[in-house]
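Asker: Have a look at the structure that comes next, please.
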Amino acid sequence: MTQTDEVRGDSGPEVAALVASRVLDVADFPKPGIVFKDLMPLFADGPVFRQVIDGIVAWHGVETFDVVAGVEARGFVVAAAIAYATGKGVVPMRKAGKLPRKTHSVSYSLEYGDATLEVHEDAFVAGQRVLVVDDVLATGGTAVAALDLVERAGGTISGFTVLMELGFLDGRERLTPRTVHALLTV
């Protein structure tokens, strides 16, 4: 996609086009029939990655959150960059069995299977405002689990951002009434 009028996103067509220009479709991954949206070319392009992170920070504002939570695994990349850019901390939300201390956990369905997400029980200070970030919003299962985990661990959701939303899977509707910020919606 090269023309800005062909793409859309919550931060406007220019940012959406920038993200779209660095996404590769990989057929039949991780299972036959799935088209995986590979964002690694976006992460590898330093100037584009910086623009994307700056766009997320500008959307939310530095004073609206205290810490950034990133969903495994590509959400870690985005969360760490936002945390660094804003001088905030970062909390990983991991797949089951990856965290060494007591955790809260939520199991959920994906468009191609089931998964469990965990966060340390003491990951957030009570009432701490948490910006949750992930790479892709698909059916919303991972997002619902992540937001639930933040609240179970004592945090308060200040925002939820993804680089790409697969609009045809209606994940945004599962998150209502929460606001979703997607840089690119396809």
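Note on naming: chains are A, B, ... as they come in the structure tokens, residues start from 1 per chain, ligands start from 1 in the order shown.
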Using only C-alpha atoms, which protein or nucleic acid residues come within 8 Å of range 84-95 of chain A? Drop anything in the same chain fewer than 2 positions from it, and give the result as a list of chain:residue names.
Answerer: A:Ile53, A:Asp54, A:Val57, A:Val62, A:Asp66, A:Val67, A:Val68, A:Ala69, A:Gly70, A:Val71, A:Glu72, A:Ala73, A:Phe76, A:Ala79, A:Ala80, A:Ala81, A:Ile82, A:Gly97, A:Lys98, A:Leu99, A:Ala115, A:Thr116, A:Leu117, A:Glu118, A:Val119, A:Ala123, A:Ala146
Asker: Excluding range 159-163 of chain A and any residue of its chain fewer than 4 positions from it, enumerate the residues within 6 Å of it, using only C-alpha atoms, and give them as a VMD selection string.
Answerer: chain A and resid 131 to 136 180 to 183
Asker: Enter the distance from CA of Leu42 in chain A to CA of Thr142 in chain A, in Å, rounded to one decimal.
Answerer: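 We find that CA of Leu42 in chain A and CA of Thr142 in chain A lie 21.7 Å from each other.
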Asker: Which residue, A:Glu121, A:Ala138, A:Gly12, A:Phe43, has the smallest gap to Val77 in chain A when you use only C-alpha atoms?
Answerer: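 Among the listed residues, the smallest separation from Val77 in chain A belongs to A:Phe43.
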Asker: Would you mind listing what lies within 9 Å of Leu24 in chain A as JSON, numbers by chain, with only C-alpha atoms counted and same-chain residues fewer than 6 positions away left out?
Answerer: {"A": [36, 37, 38, 39, 40, 41]}
Asker: Take the selection from the previous step and output its residues with N, CA and C atoms, as a tab-separated table (two decimals), in the first residue's frame.
Answerer:
chain	number	residue	atom	x	y	z
A	36	PHE	N	0.03	-14.44	8.56
A	36	PHE	CA	0.73	-13.76	9.64
A	36	PHE	C	1.18	-12.39	9.18
A	37	LYS	N	0.95	-11.38	10.00
A	37	LYS	CA	1.39	-10.02	9.71
A	37	LYS	C	2.75	-9.80	10.39
A	38	ASP	N	3.81	-9.83	9.60
A	38	ASP	CA	5.17	-9.72	10.12
A	38	ASP	C	5.58	-8.25	10.22
A	39	LEU	N	5.78	-7.80	11.45
A	39	LEU	CA	6.17	-6.41	11.71
A	39	LEU	C	7.68	-6.23	11.88
A	40	MET	N	8.44	-7.30	11.71
A	40	MET	CA	9.90	-7.19	11.90
A	40	MET	C	10.54	-6.15	10.98
A	41	PRO	N	10.08	-5.99	9.73
A	41	PRO	CA	10.68	-4.93	8.91
A	41	PRO	C	10.47	-3.53	9.50
Asker: Of the candidates A:Asp45, A:Asp122, A:Glu165, A:Asp28, which shows the shortest atom-to-atom distance to Ala143 in chain A, using only C-alpha atoms?
Answerer: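 When distances to Ala143 in chain A are compared using only C-alpha atoms, the smallest one comes from A:Glu165.
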Asker: From the options A:Gly155, A:Gly140, A:Pro100, A:Pro30, which residue's atoms come nearest to Arg174 in chain A, counting only C-alpha atoms?
Answerer: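 Closest residue, counting only C-alpha atoms: A:Gly140.
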Asker: Using only C-alpha atoms, which of the listed residues (A:Ile157, A:Val144, A:Val78, A:Ala20) sits closest to Thr176 in chain A?
Answerer: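 Nearest to Thr176 in chain A: A:Val144.
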Asker: Could you tell me which of A:Ser21, A:Thr139, A:Ser11, A:Ser109 comes closest to Glu173 in chain A if we count only C-alpha atoms?
Answerer: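 With only C-alpha atoms as the atom set, the closest residue is A:Thr139.
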Asker: Using DSSP on the backbone coordinates, identify all residues within range 58-169 of chain A classified as alpha helix (DSSP H); present the result as a list of chain:residue names.
Answerer: A:Ala58, A:Trp59, A:His60, A:Arg74, A:Gly75, A:Phe76, A:Val77, A:Val78, A:Ala79, A:Ala80, A:Ala81, A:Ile82, A:Ala83, A:Tyr84, A:Ala85, A:Thr86, A:Gly141, A:Thr142, A:Ala143, A:Val144, A:Ala145, A:Ala146, A:Leu147, A:Asp148, A:Leu149, A:Val150, A:Glu151, A:Arg152
Asker: Running DSSP on the backbone, which parts of range 116-183 of chain A land in strand (DSSP E or B), as a PyMOL selection string?
Answerer: chain A and resi 116-120+129-137+156-165+181-183
